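Engineer: Just run.cif, nothing more (mmCIF, C-alpha atoms and all ligand atoms):
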```cif
data_model
#
loop_
_atom_site.label_atom_id
_atom_site.label_comp_id
_atom_site.auth_asym_id
_atom_site.auth_seq_id
_atom_site.Cartn_x
_atom_site.Cartn_y
_atom_site.Cartn_z
CA MET A 983 13.86 5.82 19.53
CA LYS A 984 15.14 5.05 23.05
CA MET A 985 11.61 4.97 24.45
CA LEU A 986 10.73 2.33 21.88
CA GLY A 987 13.42 -0.07 23.08
CA TYR A 988 12.51 0.45 26.75
CA GLY A 989 8.79 0.21 26.04
CA ALA A 990 9.13 -2.99 24.03
CA LYS A 991 11.11 -4.53 26.87
CA GLU A 992 8.42 -3.50 29.35
CA LEU A 993 5.80 -5.22 27.19
CA GLY A 994 8.00 -8.32 26.87
CA ILE A 995 8.38 -7.88 23.11
CA GLY A 996 11.79 -8.69 21.62
CA LEU A 997 13.19 -6.02 19.29
CA ASP A 998 16.72 -6.12 17.87
CA ALA A 999 18.95 -3.08 17.26
CA GLY A 1000 18.39 -3.27 13.48
CA ALA A 1001 14.64 -2.95 13.99
CA VAL A 1002 15.07 0.08 16.27
CA ASP A 1003 17.18 1.78 13.54
CA LEU A 1004 14.46 1.05 10.96
CA PHE A 1005 11.81 2.56 13.23
CA ASP A 1006 13.95 5.70 13.43
CA ARG A 1007 14.05 5.87 9.61
CA TYR A 1008 10.27 5.20 9.53
CA TYR A 1009 9.69 8.12 11.91
CA ARG A 1010 11.70 10.49 9.71
CA GLU A 1011 9.94 9.45 6.49
CA LEU A 1012 6.50 9.70 8.14
CA THR A 1013 7.33 13.21 9.39
CA LYS A 1014 8.51 14.25 5.92
CA TRP A 1015 5.29 13.07 4.24
CA ASN A 1016 3.14 14.48 7.01
CA ARG A 1017 4.28 18.00 6.07
CA ARG A 1018 2.69 17.52 2.64
CA MET A 1019 -0.41 15.50 3.48
CA ASN A 1020 -2.35 14.61 6.59
CA LEU A 1021 -1.16 11.07 7.29
CA THR A 1022 -1.36 11.21 11.07
CA SER A 1023 -2.22 13.70 13.78
CA ILE A 1024 0.23 12.00 16.14
CA GLU A 1025 3.52 13.87 15.95
CA GLY A 1026 6.83 14.05 17.78
CA GLU A 1027 9.27 11.21 18.32
CA GLU A 1028 7.97 10.00 21.68
CA GLU A 1029 4.29 10.03 20.67
CA VAL A 1030 4.95 8.27 17.36
CA ALA A 1031 7.20 5.70 19.07
CA ILE A 1032 4.56 4.84 21.65
CA LYS A 1033 1.16 5.54 20.09
CA HIS A 1034 2.03 4.19 16.65
CA PHE A 1035 5.04 1.86 16.79
CA LEU A 1036 4.63 0.27 20.24
CA ASP A 1037 0.85 0.23 20.00
CA SER A 1038 1.17 -1.70 16.71
CA LEU A 1039 3.65 -4.13 18.25
CA THR A 1040 1.19 -5.07 21.01
CA CYS A 1041 -0.44 -7.37 18.41
CA LEU A 1042 2.51 -9.66 19.18
CA LEU A 1043 0.97 -10.21 22.63
CA ALA A 1044 -1.96 -11.91 20.87
CA VAL A 1045 -0.21 -13.82 18.07
CA ASP A 1046 3.18 -15.18 17.27
CA LEU A 1047 4.24 -14.17 13.79
CA PRO A 1048 6.68 -16.92 12.78
CA GLU A 1049 8.82 -16.93 9.61
CA GLY A 1050 6.65 -17.30 6.51
CA CYS A 1051 3.41 -16.38 8.30
CA ASN A 1052 0.95 -14.73 5.90
CA VAL A 1053 -0.39 -11.49 7.36
CA VAL A 1054 -2.90 -9.00 5.94
CA ASP A 1055 -3.36 -5.55 7.46
CA VAL A 1056 -6.70 -4.01 6.52
CA GLY A 1057 -6.99 -0.19 6.33
CA SER A 1058 -3.31 0.20 6.98
CA GLY A 1059 -3.21 4.01 6.69
CA ALA A 1060 0.36 5.07 7.38
CA GLY A 1061 1.32 1.44 8.05
CA PHE A 1062 -0.20 0.61 11.44
CA PRO A 1063 -0.01 -2.02 12.62
CA GLY A 1064 1.16 -3.85 9.44
CA VAL A 1065 4.44 -2.15 8.54
CA ALA A 1066 5.49 -1.87 12.19
CA LEU A 1067 4.93 -5.63 12.61
CA LYS A 1068 7.01 -6.33 9.49
CA VAL A 1069 9.90 -4.25 10.86
CA ALA A 1070 9.82 -6.22 14.11
CA ARG A 1071 9.25 -9.62 12.47
CA PRO A 1072 10.84 -9.40 8.99
CA GLY A 1073 10.18 -13.06 8.20
CA ILE A 1074 6.44 -12.55 7.68
CA LYS A 1075 4.76 -12.14 4.28
CA LEU A 1076 2.68 -9.00 4.44
CA THR A 1077 -0.21 -7.61 2.41
CA LEU A 1078 -1.40 -4.06 3.10
CA VAL A 1079 -4.92 -3.15 1.98
CA GLU A 1080 -5.65 0.56 1.82
CA ALA A 1081 -8.56 2.35 0.11
CA SER A 1082 -6.92 5.78 -0.08
CA ARG A 1083 -4.61 6.26 -3.06
CA LYS A 1084 -2.36 8.77 -1.27
CA LYS A 1085 -1.92 6.50 1.72
CA ALA A 1086 -1.21 3.53 -0.54
CA GLU A 1087 1.47 5.68 -2.22
CA PHE A 1088 3.02 6.38 1.16
CA LEU A 1089 2.92 2.67 1.98
CA ARG A 1090 4.76 1.82 -1.27
CA ASP A 1091 7.35 4.49 -0.44
CA ILE A 1092 7.96 3.37 3.13
CA VAL A 1093 8.30 -0.28 2.07
CA GLU A 1094 11.00 0.79 -0.40
CA VAL A 1095 12.77 3.21 1.94
CA LEU A 1096 12.96 0.59 4.70
CA GLY A 1097 14.04 -2.09 2.19
CA LEU A 1098 11.29 -4.51 3.24
CA GLY A 1099 10.87 -7.65 1.11
CA ASP A 1100 7.73 -9.78 0.73
CA VAL A 1101 5.29 -6.90 1.10
CA GLU A 1102 2.39 -6.28 -1.28
CA VAL A 1103 0.48 -2.99 -1.19
CA LEU A 1104 -3.07 -3.12 -2.55
CA TRP A 1105 -4.78 0.17 -3.23
CA ASP A 1106 -8.28 -1.24 -2.94
CA ARG A 1107 -11.26 -1.80 -0.69
CA ALA A 1108 -11.18 -4.78 1.64
CA GLU A 1109 -14.67 -5.78 0.40
CA ARG A 1110 -13.21 -6.37 -3.10
CA VAL A 1111 -9.98 -7.98 -1.93
CA GLY A 1112 -12.04 -10.41 0.18
CA ARG A 1113 -13.73 -11.65 -3.00
CA THR A 1114 -10.49 -12.05 -4.96
CA ALA A 1115 -8.93 -15.49 -5.47
CA GLY A 1116 -5.45 -15.56 -4.00
CA HIS A 1117 -6.56 -13.29 -1.14
CA ARG A 1118 -9.85 -14.80 0.04
CA GLU A 1119 -9.30 -17.26 2.93
CA SER A 1120 -5.54 -17.01 2.31
CA TYR A 1121 -4.09 -15.40 5.44
CA ASP A 1122 -2.95 -16.85 8.76
CA VAL A 1123 -3.45 -13.52 10.49
CA ALA A 1124 -5.44 -10.35 9.73
CA THR A 1125 -4.87 -7.15 11.68
CA ALA A 1126 -6.76 -3.87 11.81
CA ARG A 1127 -6.59 -0.73 13.92
CA ALA A 1128 -9.05 2.17 13.91
CA VAL A 1129 -10.76 1.09 10.69
CA ALA A 1130 -14.37 0.35 11.67
CA GLU A 1131 -16.53 -0.90 14.52
CA MET A 1132 -16.23 -4.60 15.26
CA ALA A 1133 -19.33 -5.78 13.35
CA VAL A 1134 -18.11 -4.03 10.19
CA LEU A 1135 -14.52 -5.09 10.74
CA ALA A 1136 -15.55 -8.75 10.95
CA GLU A 1137 -17.02 -8.54 7.44
CA LEU A 1138 -14.00 -6.66 6.05
CA CYS A 1139 -11.37 -8.92 7.57
CA LEU A 1140 -12.63 -12.46 8.29
CA PRO A 1141 -13.26 -13.42 4.62
CA LEU A 1142 -9.49 -12.95 4.12
CA VAL A 1143 -8.52 -15.30 6.95
CA LYS A 1144 -7.92 -19.05 6.46
CA VAL A 1145 -9.94 -21.48 8.54
CA GLY A 1146 -7.82 -21.89 11.70
CA GLY A 1147 -6.35 -18.40 11.33
CA VAL A 1148 -7.03 -15.36 13.43
CA LEU A 1149 -8.11 -11.71 13.30
CA VAL A 1150 -6.48 -9.36 15.79
CA ALA A 1151 -8.53 -6.17 16.06
CA GLN A 1152 -6.92 -3.34 18.03
CA LYS A 1153 -9.58 -1.62 20.07
CA GLY A 1154 -9.89 0.94 22.84
CA PRO A 1155 -9.89 0.21 26.57
CA SER A 1156 -13.60 -0.65 26.83
CA ALA A 1157 -14.21 -2.86 23.82
CA SER A 1158 -16.29 -5.59 25.40
CA GLU A 1159 -19.63 -3.97 24.62
CA GLU A 1160 -18.64 -3.29 21.01
CA VAL A 1161 -17.49 -6.89 20.61
CA ALA A 1162 -20.67 -8.23 22.23
CA GLY A 1163 -22.70 -6.25 19.68
CA ALA A 1164 -20.70 -7.85 16.88
CA LEU A 1165 -21.24 -11.52 17.76
CA ALA A 1166 -23.80 -12.06 14.99
CA ALA A 1167 -21.45 -10.58 12.38
CA VAL A 1168 -18.47 -12.57 13.65
CA GLU A 1169 -20.49 -15.82 13.52
CA ALA A 1170 -21.92 -15.03 10.09
CA MET A 1171 -18.31 -14.80 8.78
CA GLY A 1172 -17.36 -18.18 10.34
CA GLY A 1173 -15.57 -16.64 13.32
CA ARG A 1174 -15.63 -17.02 17.10
CA VAL A 1175 -14.44 -14.50 19.66
CA GLU A 1176 -11.53 -16.30 21.31
CA ARG A 1177 -10.41 -13.72 23.84
CA LEU A 1178 -10.12 -10.07 24.70
CA ILE A 1179 -6.65 -9.09 25.88
CA PRO A 1180 -6.33 -5.88 27.90
CA VAL A 1181 -3.08 -4.05 27.17
CA SER A 1182 -1.45 -1.10 28.96
CA LEU A 1183 0.83 1.00 26.84
CA PRO A 1184 4.10 1.83 28.66
CA PHE A 1185 4.82 5.21 30.26
CA GLY A 1186 1.17 5.82 31.12
CA TYR A 1187 -0.03 6.09 27.54
CA GLY A 1188 -3.29 4.34 28.35
CA GLY A 1189 -5.18 1.13 27.91
CA ARG A 1190 -6.16 -0.81 24.81
CA THR A 1191 -7.89 -4.09 24.04
CA LEU A 1192 -6.90 -6.72 21.52
CA ALA A 1193 -9.93 -8.62 20.25
CA VAL A 1194 -8.80 -12.03 19.04
CA ILE A 1195 -11.26 -13.69 16.66
CA ARG A 1196 -10.61 -17.25 15.46
CA LYS A 1197 -11.84 -18.33 12.02
CA GLU A 1198 -13.59 -21.65 12.57
CA SER A 1199 -15.41 -22.26 9.30
CA GLN A 1200 -15.46 -20.88 5.76
CA THR A 1201 -17.14 -17.55 5.14
CA PRO A 1202 -20.37 -18.00 3.11
CA GLU A 1203 -20.02 -16.99 -0.54
CA LYS A 1204 -22.32 -13.96 -0.15
CA TYR A 1205 -19.80 -12.15 2.12
CA PRO A 1206 -18.27 -9.64 2.06
CA ARG A 1207 -21.06 -7.58 0.54
CA ARG A 1208 -20.40 -4.75 -1.94
CA PRO A 1209 -18.03 -1.89 -0.95
CA GLY A 1210 -19.71 0.37 1.56
CA ILE A 1211 -22.55 -2.02 2.47
CA PRO A 1212 -20.88 -3.55 5.58
CA ASP A 1213 -20.55 -0.05 7.01
CA LYS A 1214 -24.04 1.04 5.96
CA ARG A 1215 -25.82 -2.08 7.16
CA PRO A 1216 -23.70 -3.90 9.75
CA ILE A 1217 -24.88 -7.45 10.50
CA ARG A 1218 -26.71 -7.55 13.84
CA ALA A 1219 -28.53 -10.22 15.79
CA ARG A 1220 -32.26 -10.22 15.08
CA VAL A 1221 -34.39 -9.26 18.03
CA SER A 1222 -37.64 -11.21 18.03
N1 LIG B 1301 -4.80 1.49 10.65
C1 LIG B 1301 -4.23 2.82 10.55
C2 LIG B 1301 -3.92 3.35 11.92
O1 LIG B 1301 -4.42 2.81 12.92
O2 LIG B 1301 -3.16 4.34 12.01
C3 LIG B 1301 -5.16 3.78 9.80
C4 LIG B 1301 -6.44 4.11 10.51
S1 LIG B 1301 -7.43 5.23 9.57
C5 LIG B 1301 -8.43 5.93 10.80
C6 LIG B 1301 -8.53 4.11 8.71
C7 LIG B 1301 -7.96 3.70 7.38
O3 LIG B 1301 -8.73 2.60 6.87
C8 LIG B 1301 -8.00 4.80 6.35
O4 LIG B 1301 -6.71 4.96 5.80
C9 LIG B 1301 -9.00 4.30 5.32
O5 LIG B 1301 -8.69 4.71 4.01
C10 LIG B 1301 -8.92 2.80 5.49
N2 LIG B 1301 -10.14 2.07 5.13
C11 LIG B 1301 -11.39 2.28 5.63
N3 LIG B 1301 -12.28 1.42 5.10
C12 LIG B 1301 -11.58 0.63 4.24
C13 LIG B 1301 -11.93 -0.46 3.39
N4 LIG B 1301 -13.18 -0.89 3.31
N5 LIG B 1301 -10.94 -1.04 2.66
C14 LIG B 1301 -9.67 -0.60 2.74
N6 LIG B 1301 -9.27 0.43 3.53
C15 LIG B 1301 -10.21 1.03 4.27
#
```
As C-alpha cells, how would this structure be written, given the file I've shared?

Structural biologist:
Amino acid sequence: MKMLGYGAKELGIGLDAGAVDLFDRYYRELTKWNRRMNLTSIEGEEEVAIKHFLDSLTCLLAVDLPEGCNVVDVGSGAGFPGVALKVARPGIKLTLVEASRKKAEFLRDIVEVLGLGDVEVLWDRAERVGRTAGHRESYDVATARAVAEMAVLAELCLPLVKVGGVLVAQKGPSASEEVAGALAAVEAMGGRVERLIPVSLPFGYGGRTLAVIRKESQTPEKYPRRPGIPDKRPIRARVS
C-alpha cells in the first residue's frame, strides 16, 4: 500500500500508519471475496489503492469529517467511499445503505474484519431508508459514488441529510452538464448546488468531480418516492 501513502500525501490528505495497515487488510479481504462473487472489476494492489481507496478519500477535499460526524454512504457496494472514509477518519459514525444482499454481507464482514466501531449496515433501498424515522434528515454528510445520475441521486440521498448538512456526490471529469440537468431535483429535495470540485487522482489515474450539494430546507414529505420511481421518472425542470 505504498502508493496509497504517497498518493494521499500528494492530495494533501492525512493518513496515519494504522490506517495504511487497515487498507492493506481491506485489499486482501476484498480480493478473497472477489474470487467468489463479482464485487469489483478493479483488481491488483495499485489499481485498488488508487481507484478505490484514494478515490474514496478525495471526499475529504470537499468535507471535513470531524469526530462524531454522522455519515451515510448510499449504494456502498464494496464499501466505497464509506468504509474507506471510516478507515481514514475512525471517529465518524457511519451508516452504509446497500440494496444487494451479497454486498451488504460483504460490508458486514469487512466492518468486522477491520474492527470498525460505530458502523451500521442496512441491507435496504435508499428510498425506504429515507422515509424511516431515525434516518430521515439525520445525517451531517451523505456520500455516493457510481450509484445513479445526479437527478436520481438527489432524491435517494438528500432526504437523509439534515438541514445544513451536505451531499458529496463523486462524479466523472465532466459532471457539470449532468449537475445542471439535476437542478430541479436538487431544489425539490431542499438542496442547492454549492460547488463542483475538480480532482486529479495521483499518478495519472485521471480526473473526477466532487459535486457538493448543501441541504438548505426540509425535504417535502412526498419524497423520496417509492423504490425504483426516482430512477424511472427522475425529476426534471418543466419546459413551457
Ligand atoms: N459505491 C460503490 C462504488 O463506487 O464502488 C458501488 C457502486 S455500484 C455501481 C452501485 C451500488 O449501488 C450497487 O451495489 C447497488 O446495489 C447500489 N444501489 C443502487 N441503487 C440503490 C438504492 N436505491 N438503494 C440502495 N443501494 C442502491

Engineer: Using only C-alpha atoms and all ligand atoms, find each protein or nucleic acid residue lying at most 8 Å from ligand LIG 1301 (chain B); present the set as a ChimeraX atom specification.

Structural biologist: /A:1022,1034,1055-1063,1079-1082,1085,1105-1109,1126-1130,1138,1209-1210

Engineer: Report the distance between CA of Gly987 in chain A and CA of Ala999 in chain A in Å, rounded to one decimal place.

Structural biologist: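 It comes out at 8.6 Å.
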
Engineer: Would you pick out the contacts of Pro1184 in chain A at 8 Å or less, using all atoms listed in the file, so that residues sharing its chain but fewer than 6 positions from it are not included, and give the list as a compact mmCIF listing (two decimals) with C-alpha atoms, in the coordinates of the input?

Structural biologist:
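Final file, around32.txt:
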```txt
# COMPACT_ATOMS: atom_id res chain seq x y z
CA GLY A 989 8.79 0.21 26.04
CA GLU A 992 8.42 -3.50 29.35
CA LEU A 993 5.80 -5.22 27.19
CA ILE A 1032 4.56 4.84 21.65
```

Engineer: With only C-alpha atoms as the atoms that count, which of A:Glu1011, A:Asp1213, A:Asp1122, A:Glu1131 lies nearest to Arg1196 in chain A?

Structural biologist: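 So, comparing all the options, the nearest one is A:Asp1122.
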
Engineer: Just the residues within 12 Å of Arg1007 in chain A, please, counting only C-alpha atoms, with nothing from its chain fewer than 3 positions along; format it as a list in words.

Structural biologist: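 My reading of the contact set: Met983, Gly1000, Ala1001, Val1002, Asp1003, Leu1004, Arg1010, Glu1011, Leu1012, Thr1013, Lys1014, Glu1027, Ala1031, Ala1066, Val1069, Ile1092, Val1093, Glu1094, Val1095, Leu1096 and Gly1097 of chain A.
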
Engineer: Kindly export the residues of the current selection with C-alpha atoms, as a PDB file, in the frame of the given file.

Structural biologist:
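again-v9.pdb, freshly written:
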```pdb
ATOM      1  CA  MET A 983      13.860   5.820  19.530  1.00  0.00           C
ATOM      2  CA  GLY A1000      18.390  -3.270  13.480  1.00  0.00           C
ATOM      3  CA  ALA A1001      14.640  -2.950  13.990  1.00  0.00           C
ATOM      4  CA  VAL A1002      15.070   0.080  16.270  1.00  0.00           C
ATOM      5  CA  ASP A1003      17.180   1.780  13.540  1.00  0.00           C
ATOM      6  CA  LEU A1004      14.460   1.050  10.960  1.00  0.00           C
ATOM      7  CA  ARG A1010      11.700  10.490   9.710  1.00  0.00           C
ATOM      8  CA  GLU A1011       9.940   9.450   6.490  1.00  0.00           C
ATOM      9  CA  LEU A1012       6.500   9.700   8.140  1.00  0.00           C
ATOM     10  CA  THR A1013       7.330  13.210   9.390  1.00  0.00           C
ATOM     11  CA  LYS A1014       8.510  14.250   5.920  1.00  0.00           C
ATOM     12  CA  GLU A1027       9.270  11.210  18.320  1.00  0.00           C
ATOM     13  CA  ALA A1031       7.200   5.700  19.070  1.00  0.00           C
ATOM     14  CA  ALA A1066       5.490  -1.870  12.190  1.00  0.00           C
ATOM     15  CA  VAL A1069       9.900  -4.250  10.860  1.00  0.00           C
ATOM     16  CA  ILE A1092       7.960   3.370   3.130  1.00  0.00           C
ATOM     17  CA  VAL A1093       8.300  -0.280   2.070  1.00  0.00           C
ATOM     18  CA  GLU A1094      11.000   0.790  -0.400  1.00  0.00           C
ATOM     19  CA  VAL A1095      12.770   3.210   1.940  1.00  0.00           C
ATOM     20  CA  LEU A1096      12.960   0.590   4.700  1.00  0.00           C
ATOM     21  CA  GLY A1097      14.040  -2.090   2.190  1.00  0.00           C
TER      22      GLY A1097
END
```

Engineer: Would you kindly return, as a list in words, each protein, DNA or RNA residue with an atom no farther than 8 Å from any atom of Glu1119 in chain A, considering only C-alpha atoms and excluding same-chain residues fewer than 6 positions away?

Structural biologist: Gly1112, Leu1140, Pro1141, Leu1142, Val1143, Lys1144, Val1145 and Gln1200 of chain A

Engineer: Identify which of the residues A:Glu1160, A:Lys984, A:Leu1078, A:Leu1183 lies closest to His1117 in chain A, counting all atoms listed in the file when measuring atom-to-atom distances.

Structural biologist: A:Leu1078

Engineer: Set the distance at 8 Å and use all atoms listed in the file: which residues neighbour Ala1164 in chain A once local chain neighbours fewer than 5 positions away are removed? I'd like the list as a VMD selection string.

Structural biologist: chain A and resid 1132 to 1133 1136 1217 to 1218

Engineer: What does the structure give for the distance between CA of Val1111 in chain A and CA of Arg1018 in chain A, in Å to one decimal?

Structural biologist: 28.8 Å

Engineer: Quick one, how far is CA of Val1045 in chain A from CA of Arg1207 in chain A?

Structural biologist: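 Going from CA of Val1045 in chain A over to CA of Arg1207 in chain A, I get 27.9 Å.
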
Engineer: Have a look at A:Thr1114, A:Thr1201, A:Thr1125, A:Thr1191 and name the one nearest to Leu1067 in chain A; count all atoms listed in the file.

Structural biologist: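 Among the listed residues, the smallest separation from Leu1067 in chain A belongs to A:Thr1125.
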
Engineer: Could you tell me, as a list in words, which residues have any atom at most 9 Å from (4.1, -3.0, -2.4), counting all atoms listed in the file?

Structural biologist: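 Those within range, by chain then number, are Thr1077, Leu1078, Ala1086, Leu1089, Arg1090, Asp1091, Val1093, Glu1094, Gly1099, Asp1100, Val1101, Glu1102, Val1103 and Leu1104 of chain A.
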
Engineer: Return the single residue from A:Gly1172, A:Pro1206, A:Gly994, A:Leu1042 that is closest to Arg1110 in chain A, with distances computed using only C-alpha atoms.

Structural biologist: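 Closest candidate: A:Pro1206.
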
Engineer: Would you list the contacts of Leu1192 in chain A as a VMD selection string, taking every protein, DNA or RNA residue within 10 Å and counting all atoms listed in the file, but skipping same-chain residues closer than 2 positions in sequence?

Structural biologist: chain A and resid 1040 to 1041 1043 to 1044 1127 1149 to 1155 1157 1177 to 1181 1190 1194 to 1195

Engineer: With all atoms listed in the file as the atoms that count, which of A:Pro1202, A:Gly1116, A:Gly1188, A:Gly1173 lies nearest to Lys1033 in chain A?

Structural biologist: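 With all atoms listed in the file as the atom set, the closest residue is A:Gly1188.
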